[in-house]
>>> print(open('start_18.txt').read())   # compact mmCIF, C-alpha atoms
# COMPACT_ATOMS: atom_id res chain seq x y z
CA MET A 176 -5.82 -15.66 -25.68
CA THR A 177 -2.46 -13.92 -26.00
CA THR A 178 0.30 -16.42 -26.77
CA ILE A 179 3.94 -16.22 -25.76
CA GLN A 180 5.11 -16.04 -29.36
CA SER A 181 2.66 -13.29 -30.31
CA THR A 182 3.77 -11.32 -27.26
CA ILE A 183 7.43 -11.65 -28.29
CA GLU A 184 6.55 -10.48 -31.80
CA ARG A 185 4.48 -7.55 -30.54
CA LEU A 186 7.14 -6.32 -28.15
CA SER A 187 9.99 -6.91 -30.60
CA ALA A 188 8.17 -4.68 -33.08
CA GLN A 189 8.29 -1.94 -30.41
CA GLY A 190 12.06 -2.30 -30.09
CA ILE A 191 11.91 -4.34 -26.87
CA HIS A 192 14.85 -6.67 -26.29
CA SER A 193 14.70 -7.34 -22.52
CA VAL A 194 12.17 -7.97 -19.77
CA LEU A 195 12.40 -6.52 -16.26
CA THR A 196 10.99 -9.40 -14.21
CA GLN A 197 9.65 -7.74 -11.06
CA PHE A 198 8.35 -9.18 -7.82
CA CYS A 199 8.37 -7.66 -4.34
CA ASP A 200 9.92 -8.74 -1.06
CA ILE A 201 8.04 -8.98 2.23
CA HIS A 202 8.51 -5.23 2.78
CA GLY A 203 6.73 -4.50 -0.50
CA VAL A 204 9.93 -3.29 -2.16
CA ALA A 205 10.28 -4.07 -5.87
CA LYS A 206 13.00 -6.59 -6.78
CA GLY A 207 13.91 -8.35 -10.01
CA LYS A 208 16.36 -8.73 -12.87
CA LEU A 209 16.68 -8.18 -16.61
CA VAL A 210 16.22 -11.21 -18.87
CA PRO A 211 16.13 -11.58 -22.70
CA LEU A 212 12.75 -11.22 -24.38
CA ARG A 213 13.57 -14.00 -26.86
CA THR A 214 13.43 -16.65 -24.09
CA LEU A 215 10.11 -15.41 -22.67
CA LYS A 216 8.72 -18.97 -22.67
CA ASP A 217 11.19 -19.92 -19.92
CA TRP A 218 10.25 -16.92 -17.78
CA VAL A 219 6.53 -17.66 -18.10
CA GLU A 220 6.63 -21.44 -17.59
CA VAL A 221 9.57 -21.85 -15.18
CA GLY A 222 10.33 -18.35 -13.98
CA ALA A 223 13.35 -16.11 -13.57
CA GLY A 224 15.55 -17.60 -10.86
CA PHE A 225 16.79 -15.87 -7.73
CA SER A 226 18.62 -17.00 -4.60
CA GLY A 227 15.75 -17.40 -2.13
CA PRO A 228 17.59 -16.48 1.09
CA SER A 229 18.81 -13.25 -0.57
CA ILE A 230 15.25 -11.92 -0.60
CA TRP A 231 13.62 -10.51 2.54
CA GLY A 232 10.92 -12.77 3.90
CA THR A 233 10.90 -15.81 1.63
CA GLY A 234 11.85 -18.17 4.48
CA LEU A 235 13.69 -20.32 1.94
CA PRO A 236 16.77 -22.40 2.93
CA ARG A 237 20.34 -21.91 1.67
CA TYR A 238 20.47 -25.29 -0.06
CA GLY A 239 18.28 -27.76 -1.92
CA GLU A 240 15.53 -27.45 -4.51
CA ARG A 241 13.58 -24.93 -2.44
CA SER A 242 16.53 -22.58 -2.05
CA GLU A 243 15.68 -21.07 -5.43
CA TYR A 244 12.95 -18.44 -5.79
CA TYR A 245 11.35 -18.40 -9.23
CA GLY A 246 9.41 -15.37 -10.40
CA ARG A 247 6.99 -16.56 -13.07
CA VAL A 248 6.09 -13.83 -15.53
CA GLN A 249 2.38 -13.04 -15.82
CA LEU A 250 2.05 -12.72 -19.59
CA GLU A 251 -0.79 -10.19 -19.56
CA SER A 252 1.29 -7.78 -17.47
CA LEU A 253 4.02 -7.15 -20.03
CA ARG A 254 4.32 -3.53 -21.19
CA ALA A 255 7.10 -1.28 -22.42
CA LEU A 256 8.76 0.93 -19.82
CA PRO A 257 8.99 4.53 -21.09
CA PHE A 258 11.90 5.29 -18.73
CA MET A 259 13.93 2.21 -19.78
CA PRO A 260 14.09 2.12 -23.60
CA GLY A 261 14.14 -1.40 -24.99
CA VAL A 262 12.80 -2.91 -21.76
CA ALA A 263 9.34 -4.27 -20.92
CA HIS A 264 8.04 -4.63 -17.37
CA ALA A 265 6.55 -7.92 -16.16
CA VAL A 266 4.81 -8.80 -12.91
CA CYS A 267 5.90 -12.12 -11.39
CA ASP A 268 4.32 -14.67 -9.05
CA GLY A 269 6.65 -16.39 -6.58
CA PHE A 270 7.30 -20.14 -6.80
CA ALA A 271 9.70 -22.54 -5.07
CA GLY A 272 10.13 -26.24 -5.70
CA GLY A 273 7.60 -26.02 -8.52
CA ALA A 274 4.78 -24.85 -6.21
CA PRO A 275 3.34 -21.44 -5.35
CA LEU A 276 5.38 -19.91 -2.53
CA ASP A 277 3.26 -19.36 0.56
CA THR A 278 5.44 -16.43 1.68
CA CYS A 279 4.98 -14.60 -1.65
CA SER A 280 2.65 -11.68 -0.96
CA ARG A 281 1.20 -11.71 -4.48
CA GLN A 282 0.30 -15.37 -4.05
CA LEU A 283 -1.21 -14.38 -0.70
CA LEU A 284 -3.57 -11.92 -2.39
CA ARG A 285 -4.25 -14.31 -5.26
CA ARG A 286 -5.52 -16.94 -2.77
CA GLN A 287 -7.88 -14.44 -1.12
CA VAL A 288 -9.19 -13.27 -4.50
CA ASP A 289 -9.70 -16.88 -5.62
CA LYS A 290 -11.72 -17.64 -2.47
CA LEU A 291 -13.89 -14.62 -3.20
CA ALA A 292 -14.32 -15.70 -6.83
CA ALA A 293 -15.64 -19.07 -5.62
CA ARG A 294 -18.64 -17.09 -4.29
CA GLY A 295 -19.03 -15.36 -7.63
CA TRP A 296 -17.76 -12.08 -6.11
CA LYS A 297 -15.04 -9.61 -7.13
CA LEU A 298 -13.19 -7.09 -4.98
CA TRP A 299 -12.53 -3.73 -6.59
CA VAL A 300 -9.89 -1.44 -5.07
CA GLY A 301 -9.18 2.21 -5.73
CA ILE A 302 -5.79 3.17 -4.33
CA GLU A 303 -4.92 6.77 -3.46
CA PRO A 304 -1.13 7.23 -3.35
CA GLU A 305 0.13 10.14 -1.26
CA PHE A 306 3.88 10.74 -1.32
CA PHE A 307 6.64 13.24 -0.64
CA VAL A 308 9.20 14.64 -3.05
CA LEU A 309 12.46 15.04 -1.12
CA ARG A 310 16.14 15.83 -1.63
CA GLN A 311 19.26 15.85 0.51
CA ASP A 312 21.09 19.02 1.48
CA ALA A 313 24.88 19.43 1.56
CA GLN A 314 25.01 17.85 5.02
CA GLY A 315 23.01 14.82 3.92
CA HIS A 316 19.81 15.87 5.73
CA TRP A 317 16.50 15.01 4.10
CA ILE A 318 14.51 18.11 3.19
CA VAL A 319 11.53 19.03 1.00
CA GLY A 320 12.54 18.93 -2.64
CA ASP A 321 11.04 22.33 -3.42
CA GLY A 322 12.65 24.87 -1.07
CA ALA A 323 9.91 27.42 -1.81
CA ASP A 324 7.18 24.99 -0.72
CA ASN A 325 6.86 26.43 2.78
CA LEU A 326 3.25 27.53 3.31
CA ASP A 327 1.71 26.76 6.70
CA LYS A 328 -1.37 25.41 4.91
CA PRO A 329 -0.15 24.15 1.52
CA SER A 330 -3.15 22.04 0.46
CA TYR A 331 -3.97 22.53 -3.24
CA ASP A 332 -1.18 25.12 -3.60
CA LEU A 333 -1.05 26.06 -7.30
CA LYS A 334 2.26 27.92 -7.01
CA SER A 335 3.97 24.65 -6.01
CA ILE A 336 2.31 22.82 -8.89
CA ILE A 337 3.55 25.49 -11.33
CA ARG A 338 7.09 25.40 -9.91
CA ASN A 339 7.12 21.59 -10.14
CA GLN A 340 5.33 21.32 -13.47
CA ALA A 341 8.28 19.58 -15.15
CA PHE A 342 8.27 16.74 -12.61
CA LEU A 343 4.47 16.45 -12.45
CA ASP A 344 4.01 16.49 -16.22
CA ASP A 345 6.76 13.91 -16.59
CA MET A 346 4.81 11.77 -14.13
CA ARG A 347 1.64 12.30 -16.13
CA GLN A 348 3.23 11.33 -19.44
CA THR A 349 5.01 8.32 -17.94
CA LEU A 350 1.92 6.97 -16.19
CA GLU A 351 -0.31 7.48 -19.23
CA ALA A 352 2.25 5.67 -21.39
CA LEU A 353 1.97 2.77 -18.91
CA GLY A 354 -1.82 2.67 -19.29
CA PHE A 355 -2.89 4.52 -16.13
CA ASP A 356 -6.28 6.23 -16.37
CA LEU A 357 -5.35 9.38 -14.46
CA GLN A 358 -8.02 11.32 -12.58
CA GLN A 359 -6.22 14.11 -10.72
CA ILE A 360 -2.93 15.45 -9.38
CA ASP A 361 -2.87 17.77 -6.37
CA HIS A 362 -0.66 19.21 -3.67
CA GLU A 363 -1.52 17.63 -0.34
CA ASP A 364 -1.57 18.90 3.28
CA ALA A 365 2.19 18.86 3.91
CA ASN A 366 5.06 20.70 2.27
CA GLY A 367 6.51 18.61 -0.53
CA GLN A 368 3.55 16.21 -0.49
CA TYR A 369 1.45 15.26 -3.52
CA GLU A 370 -1.32 12.85 -4.43
CA ILE A 371 -1.95 11.29 -7.83
CA ASN A 372 -5.24 9.47 -8.35
CA TYR A 373 -6.05 6.95 -11.06
CA ARG A 374 -8.93 4.59 -11.84
CA PHE A 375 -9.78 1.64 -9.59
CA ASP A 376 -9.34 -1.98 -10.71
CA GLU A 377 -9.82 -5.57 -9.56
CA ALA A 378 -7.80 -6.24 -6.42
CA LEU A 379 -4.82 -8.07 -7.90
CA ALA A 380 -4.52 -5.68 -10.85
CA ALA A 381 -4.83 -2.70 -8.49
CA ALA A 382 -1.94 -3.98 -6.37
CA ASP A 383 0.17 -4.62 -9.49
CA ARG A 384 -0.59 -1.12 -10.71
CA PHE A 385 0.51 0.48 -7.43
CA MET A 386 3.83 -1.36 -7.62
CA LEU A 387 4.27 -0.06 -11.18
CA PHE A 388 3.32 3.43 -9.99
CA LYS A 389 6.10 3.35 -7.40
CA LEU A 390 8.65 2.05 -9.92
CA ALA A 391 7.76 4.85 -12.33
CA ALA A 392 7.72 7.53 -9.62
CA HIS A 393 11.19 6.61 -8.37
CA ALA A 394 12.54 6.79 -11.93
CA VAL A 395 10.87 10.11 -12.75
CA ALA A 396 11.90 11.79 -9.49
CA GLN A 397 15.49 10.69 -9.99
CA ARG A 398 15.39 12.17 -13.49
CA HIS A 399 14.56 15.52 -11.87
CA GLY A 400 17.27 15.31 -9.21
CA GLN A 401 14.86 14.44 -6.41
CA TYR A 402 13.57 11.43 -4.47
CA PHE A 403 10.10 9.89 -4.39
CA SER A 404 9.33 8.97 -0.78
CA CYS A 405 6.75 6.56 0.63
CA MET A 406 7.89 7.30 4.19
CA PRO A 407 4.60 7.81 6.07
CA LYS A 408 5.73 10.86 8.07
CA PRO A 409 9.04 12.49 7.13
CA LEU A 410 8.10 15.91 8.60
CA ALA A 411 7.49 16.01 12.35
CA HIS A 412 4.99 18.88 12.42
CA ALA A 413 3.03 18.11 9.24
CA PRO A 414 0.52 15.46 8.23
CA GLY A 415 1.81 12.15 6.92
CA SER A 416 1.01 10.14 3.81
CA GLY A 417 -1.80 7.61 3.63
CA LEU A 418 -2.60 4.96 1.04
CA HIS A 419 -6.37 4.81 1.36
CA PHE A 420 -8.15 1.79 -0.13
CA HIS A 421 -11.59 2.41 -1.67
CA LEU A 422 -13.26 -0.98 -1.44
CA SER A 423 -16.29 -2.40 -3.18
CA ILE A 424 -17.44 -5.91 -4.01
CA THR A 425 -19.69 -6.96 -6.88
CA ASP A 426 -21.65 -10.20 -7.15
CA ALA A 427 -21.94 -12.57 -10.11
CA GLN A 428 -24.44 -10.20 -11.74
CA GLY A 429 -22.13 -7.21 -11.31
CA GLN A 430 -24.28 -5.67 -8.56
CA PRO A 431 -22.64 -3.92 -5.59
CA VAL A 432 -22.69 -6.09 -2.47
CA PHE A 433 -22.05 -3.28 0.01
CA ALA A 434 -24.63 -0.79 -1.27
CA GLN A 435 -28.13 -0.06 0.02
CA ALA A 436 -29.52 3.32 -0.98
CA SER A 437 -32.10 3.45 1.83
CA ASP A 438 -29.50 3.11 4.58
CA PRO A 439 -28.13 6.27 6.29
CA LEU A 440 -24.54 5.16 5.54
CA GLY A 441 -25.47 3.67 2.18
CA LEU A 442 -24.46 0.20 3.40
CA SER A 443 -26.17 -3.15 3.05
CA PRO A 444 -26.11 -5.69 5.91
CA GLN A 445 -23.12 -7.33 4.21
CA GLY A 446 -21.42 -3.94 4.03
CA TYR A 447 -21.89 -3.38 7.76
CA ALA A 448 -20.59 -6.87 8.51
CA PHE A 449 -17.52 -6.32 6.30
CA ALA A 450 -16.79 -3.04 8.12
CA ALA A 451 -17.27 -4.82 11.45
CA GLY A 452 -14.64 -7.38 10.42
CA LEU A 453 -12.19 -4.60 9.61
CA LEU A 454 -12.79 -2.89 12.95
CA GLN A 455 -12.65 -6.11 14.98
CA HIS A 456 -9.24 -7.00 13.48
CA ALA A 457 -7.99 -3.41 13.14
CA ASP A 458 -5.20 -3.76 15.70
CA ALA A 459 -3.66 -6.75 13.92
CA LEU A 460 -4.32 -5.20 10.50
CA SER A 461 -2.30 -2.19 11.64
CA ALA A 462 0.88 -4.27 11.53
CA LEU A 463 0.33 -5.18 7.87
CA CYS A 464 -1.24 -1.91 6.69
CA ALA A 465 1.04 0.43 8.68
CA PRO A 466 4.23 -1.62 9.01
CA THR A 467 6.95 0.89 9.97
CA VAL A 468 8.02 2.93 12.97
CA SER A 469 7.16 6.04 10.96
CA SER A 470 3.61 4.75 10.35
CA TYR A 471 2.62 5.43 13.97
CA LYS A 472 3.91 8.98 13.86
CA ARG A 473 1.33 9.46 11.10
CA LEU A 474 -1.29 7.53 13.13
CA ALA A 475 -1.19 9.96 16.05
CA ALA A 476 -4.00 12.12 17.38
CA SER A 477 -1.85 15.24 17.23
CA SER A 478 -2.13 18.66 15.62
CA SER A 479 -0.13 19.73 12.57
CA ILE A 480 1.25 23.07 11.44
CA SER A 481 -1.33 23.13 8.63
CA GLY A 482 -4.12 22.91 11.19
CA THR A 483 -5.59 19.90 9.40
CA THR A 484 -5.12 16.25 10.23
CA TRP A 485 -7.06 13.31 8.86
CA SER A 486 -5.22 10.71 10.93
CA PRO A 487 -7.72 7.82 11.37
CA VAL A 488 -6.71 6.75 14.87
CA TRP A 489 -10.10 5.65 16.25
CA LYS A 490 -11.80 2.36 15.36
CA SER A 491 -15.01 3.80 13.97
CA LEU A 492 -17.10 4.23 10.86
CA GLY A 493 -19.19 7.06 9.52
CA TYR A 494 -20.75 8.47 6.38
CA ASN A 495 -18.26 10.69 4.51
CA ASN A 496 -16.41 11.13 7.81
CA ARG A 497 -12.66 11.41 7.31
CA THR A 498 -12.00 11.28 11.05
CA CYS A 499 -13.19 7.64 11.05
CA LEU A 500 -11.12 4.58 10.22
CA VAL A 501 -13.87 3.38 7.86
CA ARG A 502 -15.53 6.09 5.74
CA THR A 503 -18.55 5.16 3.65
CA VAL A 504 -19.28 7.05 0.46
CA ALA A 505 -20.85 6.39 -2.97
CA GLU A 506 -21.68 2.67 -2.56
CA ARG A 507 -18.21 1.83 -1.29
CA MET A 508 -16.10 2.11 1.85
CA GLU A 509 -12.78 3.81 2.29
CA TRP A 510 -10.31 1.94 4.50
CA ARG A 511 -8.10 4.74 5.80
CA LEU A 512 -5.56 2.71 7.78
CA PRO A 513 -2.94 1.79 5.14
CA ASP A 514 0.06 3.97 4.34
CA PRO A 515 2.42 3.78 1.33
CA SER A 516 5.15 1.92 3.24
CA CYS A 517 2.98 -1.21 3.28
CA ASN A 518 3.33 -4.30 1.14
CA VAL A 519 0.22 -3.54 -0.90
CA TYR A 520 -0.49 -7.20 -1.74
CA ALA A 521 -0.37 -8.26 1.91
CA ALA A 522 -2.34 -5.23 3.06
CA ILE A 523 -5.19 -5.87 0.59
CA ALA A 524 -5.13 -9.62 1.29
CA ALA A 525 -5.41 -9.07 5.05
CA THR A 526 -8.08 -6.40 4.62
CA LEU A 527 -10.16 -8.72 2.44
CA ALA A 528 -9.71 -11.64 4.83
CA ALA A 529 -10.81 -9.57 7.84
CA GLY A 530 -13.79 -8.08 6.03
CA MET A 531 -15.01 -11.42 4.71
CA ARG A 532 -14.73 -12.92 8.17
CA GLY A 533 -17.06 -10.14 9.28
CA ILE A 534 -19.56 -11.27 6.64
CA ASP A 535 -19.17 -14.98 7.37
CA GLN A 536 -19.58 -14.44 11.13
CA ASP A 537 -22.33 -11.81 10.66
CA LEU A 538 -20.44 -9.43 12.92
CA ALA A 539 -22.22 -6.32 14.16
CA ALA A 540 -20.68 -2.95 13.41
CA PRO A 541 -20.58 -0.25 16.12
CA PRO A 542 -22.90 2.77 15.87
CA ALA A 543 -21.87 5.24 13.21
CA CYS A 544 -20.00 8.43 14.16
CA ASN A 545 -21.84 11.48 12.90
CA GLY A 546 -19.41 14.22 13.95
CA ASP A 547 -15.77 15.25 13.93
CA LEU A 548 -14.01 12.89 16.34
CA TYR A 549 -11.19 15.36 16.98
CA GLU A 550 -13.70 18.00 18.06
CA HIS A 551 -15.57 15.39 20.09
CA ARG A 552 -12.39 14.46 21.95
CA ALA A 553 -11.53 18.12 22.59
CA ALA A 554 -14.98 18.56 24.13
CA GLY A 555 -14.31 15.65 26.51
CA GLY A 556 -16.67 13.18 24.85
CA ALA A 557 -16.43 9.42 25.11
CA MET A 558 -14.25 8.07 22.31
CA PRO A 559 -14.06 4.83 20.33
CA ALA A 560 -11.09 2.57 21.02
CA GLN A 561 -7.82 3.77 19.52
CA LEU A 562 -5.47 1.93 17.19
CA PRO A 563 -2.06 0.72 18.45
CA ARG A 564 0.20 3.63 19.36
CA ASP A 565 3.40 2.14 17.93
CA LEU A 566 4.73 -0.68 15.79
CA ARG A 567 5.52 -2.82 18.83
CA ALA A 568 1.87 -2.83 19.93
CA ALA A 569 0.68 -3.54 16.38
CA LEU A 570 3.04 -6.51 16.04
CA ASP A 571 1.86 -7.87 19.39
CA ALA A 572 -1.73 -7.55 18.16
CA LEU A 573 -0.96 -9.49 14.99
CA GLN A 574 0.82 -12.17 17.02
CA SER A 575 -2.22 -12.50 19.29
CA ASP A 576 -4.81 -12.52 16.48
CA THR A 577 -4.48 -16.18 15.51
CA VAL A 578 -7.73 -16.07 13.54
CA LEU A 579 -6.49 -13.35 11.20
CA ARG A 580 -3.04 -14.91 10.87
CA GLU A 581 -4.58 -18.21 9.79
CA LEU A 582 -6.90 -16.49 7.34
CA VAL A 583 -4.08 -14.47 5.78
CA GLY A 584 -1.43 -17.21 5.90
CA THR A 585 0.61 -18.26 8.90
CA ALA A 586 3.85 -18.80 6.93
CA PHE A 587 3.80 -15.24 5.63
CA CYS A 588 2.75 -13.75 8.98
CA ASP A 589 5.47 -15.66 10.85
CA GLU A 590 8.16 -14.35 8.50
CA PHE A 591 6.69 -10.85 8.70
CA LEU A 592 6.64 -10.88 12.51
CA GLN A 593 10.20 -12.15 12.77
CA ILE A 594 11.55 -9.44 10.46
CA LYS A 595 9.46 -6.62 11.89
CA ASN A 596 10.22 -7.54 15.51
CA ALA A 597 13.93 -7.26 14.64
CA GLU A 598 13.22 -3.89 12.99
CA TRP A 599 11.51 -2.65 16.13
CA ASP A 600 14.37 -3.88 18.33
CA ALA A 601 16.88 -2.04 16.13
CA TYR A 602 14.83 1.16 16.39
CA ALA A 603 14.37 0.84 20.15
CA THR A 604 18.14 0.81 20.76
CA GLN A 605 18.79 4.04 18.81
CA VAL A 606 19.52 7.32 20.58
CA SER A 607 17.81 10.22 18.78
CA ASP A 608 18.75 13.90 18.62
CA TRP A 609 15.53 14.64 20.53
CA GLU A 610 16.69 12.45 23.42
CA LEU A 611 20.13 14.05 23.54
CA GLN A 612 18.72 17.56 23.45
CA ARG A 613 16.21 16.77 26.21
CA TYR A 614 18.24 14.58 28.52
CA ALA A 615 22.00 14.96 27.98
CA VAL A 616 22.56 17.55 30.71
CA ALA A 617 19.08 17.75 32.24
CA PHE A 618 19.66 15.78 35.44
>>> encode(input="start_18.txt", output="structure tokens")
Amino acid sequence: MTTIQSTIERLSAQGIHSVLTQFCDIHGVAKGKLVPLRTLKDWVEVGAGFSGPSIWGTGLPRYGERSEYYGRVQLESLRALPFMPGVAHAVCDGFAGGAPLDTCSRQLLRRQVDKLAARGWKLWVGIEPEFFVLRQDAQGHWIVGDGADNLDKPSYDLKSIIRNQAFLDDMRQTLEALGFDLQQIDHEDANGQYEINYRFDEALAAADRFMLFKLAAHAVAQRHGQYFSCMPKPLAHAPGSGLHFHLSITDAQGQPVFAQASDPLGLSPQGYAFAAGLLQHADALSALCAPTVSSYKRLAASSSISGTTWSPVWKSLGYNNRTCLVRTVAERMEWRLPDPSCNVYAAIAATLAAGMRGIDQDLAAPPACNGDLYEHRAAGGAMPAQLPRDLRAALDALQSDTVLRELVGTAFCDEFLQIKNAEWDAYATQVSDWELQRYAVAF
């Protein structure tokens, strides 16, 4: 087992003098501070201290022992940051009053993973980050970072990749230096949109890795005079960004729980029940997996200038069917609801809780969809139920779904609902340019 002293010696030999102790707030935004490497024992055993009420969503008071948030360094997570010479990155678990903090999203996921481990099972998650590269013009408007990236159908555009090779290769080198096993980089369906894929991992490690991915991407984009954006839909007439989760579970013998080769969808009975749990709780899951106003402009059954939309707005499943919310493929299922604005720990925790409830309750999945749901709708066919149309409806669904809230953690969900309801209220009182142009002198 790696010891604290051997870790100090190993990192010191690499020229490391400080540790960036990183946790995330309830929004999934990275927070932290720099601390000396030489006192690593304190950061592992006690934690780096922060004022609890200064962090979104802790629910901690302004006084007393539990007013302090302590981020305890996870020793195995320490690694040198290529974009911060002399600094190592460390993932932290949240504690308060000497106990795990029940509003810490990483602790939330840890509890779900531990419950799964008690069965002898492991959840594996492959995360597919889609993102935009943006900049601001002289007037402060957000625009696509590459002004020449203007094709109507830009998917897999090699000219954009060549023009942006410096940024993309910097991303490649940075991620590989951080231990990412990269699989592909491509231009996605919208102007200025890219996807970088890397190898799947166990659930907690996969969530940690996505947080590190975002930290690196922000730093690299800034180095190239641009901004890395996880906004789900920054361009009105183009597809938005998803954060698809590829989910599989293995048993104590390492065998896939969801897989059954003889089944038309490749799913075992447990796989169908897990999918049924996701679909039954999909409305409430929307709040945690698609937690912003912008999320529901991505989750809209509308056309795009590229002519292609994969928006998974109907509660359905199908084999290799990207118009479904749950897509089955290669002994796993793809959960297509999440977007990159989510708190990845909370989103995976809630997804796992809903799916396992499906297994525990032996829930029945709906019939599989064998065709393109967008074409089916255009032809006037009967459609599966649709996801919430906006953040308000998703928050109401989470509030009403007491079963899911209890499974995920009521303390976390209560804080989340309070903050997100205020966010919706702030949005609802804004007057947009669209409203002024349409209504100012219309009546």
>>> closest_atom_pairs(input="start_18.txt", of="region 492-551 of chain A", to="region 297-300 of chain A", cutoff="12 Å", atoms="all atoms listed in the file", output="CSV")
residue,atom,partner,partner_atom,distance
A:Glu506,CA,A:Trp299,CA,11.9
A:Arg507,CA,A:Trp299,CA,9.6
A:Met508,CA,A:Val300,CA,10.0
A:Glu509,CA,A:Val300,CA,9.5
A:Trp510,CA,A:Val300,CA,10.2
A:Val519,CA,A:Val300,CA,11.1
A:Tyr520,CA,A:Val300,CA,11.5
A:Ala522,CA,A:Val300,CA,11.7
A:Ile523,CA,A:Val300,CA,8.6
A:Ala524,CA,A:Leu298,CA,10.5
A:Thr526,CA,A:Leu298,CA,10.9
A:Leu527,CA,A:Leu298,CA,8.2
A:Ala528,CA,A:Leu298,CA,11.4
A:Gly530,CA,A:Leu298,CA,11.1
A:Met531,CA,A:Leu298,CA,10.8
>>> atom_distance(input="start_18.txt", atom1="CA of Asp438 (chain A)", atom2="CA of His421 (chain A)")
19.0 Å
>>> atom_distance(input="start_18.txt", atom1="CA of Leu186 (chain A)", atom2="CA of Arg285 (chain A)")
26.8 Å
>>> closest_residue(input="start_18.txt", among="A:Gly320, A:Gln397, A:Pro260, A:Asp327", to="Ile191 (chain A)", atoms="all atoms listed in the file")
A:Pro260
>>> atom_distance(input="start_18.txt", atom1="CA of Gly227 (chain A)", atom2="CA of Gln180 (chain A)")
29.3 Å
>>> residues_around(input="start_18.txt", residues="Val248 (chain A)", least_positions_apart="2", cutoff="8 Å", atoms="all atoms listed in the file", output="mmCIF file with C-alpha atoms, in the frame of the given file")
data_model
loop_
_atom_site.group_PDB
_atom_site.id
_atom_site.type_symbol
_atom_site.label_atom_id
_atom_site.label_comp_id
_atom_site.auth_asym_id
_atom_site.auth_seq_id
_atom_site.Cartn_x
_atom_site.Cartn_y
_atom_site.Cartn_z
ATOM 1 C CA THR A 196 10.990 -9.400 -14.210
ATOM 2 C CA TRP A 218 10.250 -16.920 -17.780
ATOM 3 C CA VAL A 219 6.530 -17.660 -18.100
ATOM 4 C CA GLU A 220 6.630 -21.440 -17.590
ATOM 5 C CA GLY A 222 10.330 -18.350 -13.980
ATOM 6 C CA ALA A 223 13.350 -16.110 -13.570
ATOM 7 C CA GLY A 246 9.410 -15.370 -10.400
ATOM 8 C CA LEU A 250 2.050 -12.720 -19.590
ATOM 9 C CA SER A 252 1.290 -7.780 -17.470
ATOM 10 C CA ALA A 265 6.550 -7.920 -16.160
ATOM 11 C CA VAL A 266 4.810 -8.800 -12.910
ATOM 12 C CA CYS A 267 5.900 -12.120 -11.390
ATOM 13 C CA ASP A 268 4.320 -14.670 -9.050
#
>>> residues_around(input="start_18.txt", residues="region 466-468 of chain A", least_positions_apart="4", cutoff="6 Å", atoms="all atoms listed in the file", output="NGL selection string")
:A and (462 or 517 or 566)
>>> decode(input="start_18.txt", residues="region 261-272 of chain A", atoms="N, CA and C atoms", output="JSON list (two decimals), in the first residue's frame")
[["chain", "number", "residue", "atom", "x", "y", "z"],
["A", 261, "GLY", "N", 5.18, 22.17, -10.55],
["A", 261, "GLY", "CA", 5.42, 22.13, -9.12],
["A", 261, "GLY", "C", 4.21, 21.79, -8.28],
["A", 262, "VAL", "N", 3.06, 21.53, -8.95],
["A", 262, "VAL", "CA", 1.81, 21.29, -8.24],
["A", 262, "VAL", "C", 1.25, 19.92, -8.60],
["A", 263, "ALA", "N", 0.78, 19.19, -7.60],
["A", 263, "ALA", "CA", 0.09, 17.91, -7.82],
["A", 263, "ALA", "C", -1.39, 18.11, -7.52],
["A", 264, "HIS", "N", -2.21, 17.39, -8.27],
["A", 264, "HIS", "CA", -3.66, 17.44, -8.08],
["A", 264, "HIS", "C", -4.09, 16.32, -7.13],
["A", 265, "ALA", "N", -5.07, 16.62, -6.26],
["A", 265, "ALA", "CA", -5.60, 15.61, -5.35],
["A", 265, "ALA", "C", -7.10, 15.72, -5.27],
["A", 266, "VAL", "N", -7.79, 14.59, -5.38],
["A", 266, "VAL", "CA", -9.23, 14.52, -5.19],
["A", 266, "VAL", "C", -9.52, 14.47, -3.70],
["A", 267, "CYS", "N", -10.57, 15.18, -3.27],
["A", 267, "CYS", "CA", -10.92, 15.21, -1.84],
["A", 267, "CYS", "C", -12.34, 14.72, -1.61],
["A", 268, "ASP", "N", -12.54, 14.04, -0.49],
["A", 268, "ASP", "CA", -13.86, 13.72, 0.05],
["A", 268, "ASP", "C", -14.24, 14.76, 1.08],
["A", 269, "GLY", "N", -15.53, 15.12, 1.14],
["A", 269, "GLY", "CA", -16.00, 16.13, 2.06],
["A", 269, "GLY", "C", -16.36, 15.58, 3.43],
["A", 270, "PHE", "N", -15.86, 16.25, 4.47],
["A", 270, "PHE", "CA", -16.16, 15.90, 5.86],
["A", 270, "PHE", "C", -16.56, 17.16, 6.62],
["A", 271, "ALA", "N", -17.34, 17.00, 7.67],
["A", 271, "ALA", "CA", -17.66, 18.08, 8.60],
["A", 271, "ALA", "C", -17.88, 17.47, 9.99],
["A", 272, "GLY", "N", -17.33, 18.09, 11.00],
["A", 272, "GLY", "CA", -17.46, 17.55, 12.35],
["A", 272, "GLY", "C", -16.88, 16.17, 12.50]]
